[in-house]
Amino acid sequence: MANTAYDTADQTPAASPWAAVGVSAFDELVYRTILHQPDAGTAGWALLTGASPARVRESCDQLLTVGLLQPPDSMGGLRAIDPRVAIRGLIRRRETVSELLAATAEEMATAYEAGLLREEPSRLIEVASGEGAIAARLEEMYARAEHEVCLFDTPPYLAPPARQLDLQVDLLRRGIVSRGIYAASALEDPKVLSRTWNMVELGEQARVLPSVPVKLLVVDGCRAMLPLTSSAAGGYCAVVVWHSAVTEALQKLFEMAWQQATPLGQPVGDGELNESEGALIRLLAAGMKDEAVARHLGVSLRTLRRRVSELQERLGAASRFQLGARAAQRGWL
């Protein structure tokens, strides 16, 4: 079984998976020899590999260190550990080291970015002009998301809505958290409202405010995009802000608005509402005007107001504000 090709090579070739776990080509040869001839002992393994007993002992020490052999006991000398168990252990330790290294990389990257900003503050922002450039930057930011995307949604839109919807759907499929705060005026557009309900069904967490302070996208709390200018001719200019005190402030702005916003989702009450009434309650809670609500429900303004009055009477609410509060108490919102 001598294999002199291993005698002159202390490391496995780059293609060998053993190199990744600290096992040289000669160590691998010794390990395989022990698996085939477990009772041969150091002298026998040296004979079988064509190496000196001293070199085989050094190799065995390394195999012990990485967990492929178990030390001598009262039953005899060195023994190989079942490769299925030992190699899985090697893989787990390697994964742990990789995870620690990745965590260290994140810490170092933060320091690296801070150093770049101190050296050249202009690195903090990047300006994108025109619909095409903005759409490209949006796509890149969504693709780089790892944990969460937060957005303020209000017209006019900086990029084609259909493309952004595709990006958001892909985001949810990847398991990334998506939270959106929509301006009530945006939901008055039937297409926007329909897209929003679709996103909620896919897992987006959506809330509504009468208005939002600024159009905004924040990715992982460390990258943000918001508009700089817009022209009557439709030419848009947006800015991408990199991780800094500015992105931290924008994330805090979003969190404050999130606490104040009304959840937009399917009713989870006790079955007292039919489908039409549930839709009416949700649209009213979104702060939409009567005309827009009637248009979405396909009813006349007079019919809408009659239905609202009927709901108020059922809940003993003297106003629409009380109607919303009592609907929320019952779990209808």
# chains A, B, ... in the order shown; residues from 1 in each chain; ligands from 1
>>> select_by_dssp(residues="segment 18-65 of chain A", states="helix (DSSP H, G or I)", output="PyMOL selection string")
chain A and resi 18-21+25-36+41-49+53-65
>>> write_last_selection(atoms="C-alpha atoms", output="compact mmCIF listing (two decimals), in the first residue's frame")
# COMPACT_ATOMS: atom_id res chain seq x y z
CA TRP A 18 -9.29 17.87 3.23
CA ALA A 19 -7.09 20.94 2.94
CA ALA A 20 -10.02 23.09 4.13
CA VAL A 21 -10.05 21.27 7.50
CA ALA A 25 -2.22 14.74 1.87
CA PHE A 26 -0.01 12.55 4.03
CA ASP A 27 -2.43 12.84 6.98
CA GLU A 28 -5.21 11.68 4.67
CA LEU A 29 -3.10 8.69 3.59
CA VAL A 30 -2.44 7.73 7.21
CA TYR A 31 -6.11 8.11 8.09
CA ARG A 32 -7.20 5.89 5.20
CA THR A 33 -4.56 3.34 6.19
CA ILE A 34 -5.86 3.27 9.78
CA LEU A 35 -9.40 2.78 8.48
CA HIS A 36 -8.26 -0.24 6.43
CA GLY A 41 -0.29 0.07 15.08
CA THR A 42 2.20 2.84 14.41
CA ALA A 43 4.91 0.52 13.11
CA GLY A 44 2.50 -1.26 10.78
CA TRP A 45 1.03 2.00 9.45
CA ALA A 46 4.55 3.28 8.82
CA LEU A 47 5.32 0.14 6.82
CA LEU A 48 2.10 0.39 4.86
CA THR A 49 2.61 4.08 3.98
CA PRO A 53 7.33 5.75 12.38
CA ALA A 54 8.16 9.26 13.67
CA ARG A 55 6.37 10.88 10.76
CA VAL A 56 3.35 8.62 11.20
CA ARG A 57 3.20 9.54 14.91
CA GLU A 58 3.23 13.25 13.99
CA SER A 59 0.40 12.62 11.53
CA CYS A 60 -1.59 10.71 14.15
CA ASP A 61 -1.20 13.64 16.55
CA GLN A 62 -2.72 15.91 13.89
CA LEU A 63 -5.56 13.47 13.24
CA LEU A 64 -6.25 13.41 16.99
CA THR A 65 -6.29 17.21 17.08
>>> residues_around(residues="Thr247 of chain A", least_positions_apart="3", cutoff="7 Å", atoms="only C-alpha atoms", output="number ranges by chain")
A: 221-224, 241-244, 250-251
>>> write_last_selection(atoms="C-alpha atoms", output="compact mmCIF listing (two decimals), in the first residue's frame")
# COMPACT_ATOMS: atom_id res chain seq x y z
CA GLY A 221 -31.34 50.13 8.53
CA CYS A 222 -28.08 51.09 6.83
CA ARG A 223 -28.91 52.16 3.25
CA ALA A 224 -31.64 54.57 2.23
CA VAL A 241 -27.46 57.48 1.52
CA TRP A 242 -24.96 55.00 2.92
CA HIS A 243 -24.66 53.79 6.51
CA SER A 244 -24.24 56.79 8.77
CA LEU A 250 -34.24 57.94 8.77
CA GLN A 251 -34.86 54.53 10.34
>>> closest_residue(among="A:Ala143, A:Leu202, A:Ala245, A:Ala102", to="Val169 of chain A", atoms="only C-alpha atoms")
A:Leu202
>>> select_by_dssp(residues="segment 78-315 of chain A", states="strand (DSSP E or B)", output="PyMOL selection string")
chain A and resi 79-80+125-129+148-153+177-183+205-209+216-219+223-230+236-241+262-264
>>> atom_distance(atom1="atom CA of Trp258 of chain A", atom2="atom CA of Ala279 of chain A")
22.0 Å
>>> residues_around(residues="Val293 of chain A", least_positions_apart="3", cutoff="9 Å", atoms="only C-alpha atoms", output="PyMOL selection string")
chain A and resi 188+280+283-284+288-290+296-299+301+304
>>> closest_residue(among="A:Arg163, A:Arg282, A:Arg93, A:Lys252", to="Leu323 of chain A", atoms="only C-alpha atoms")
A:Arg282
>>> atom_distance(atom1="atom CA of Ala135 of chain A", atom2="atom CA of Tyr182 of chain A")
19.7 Å
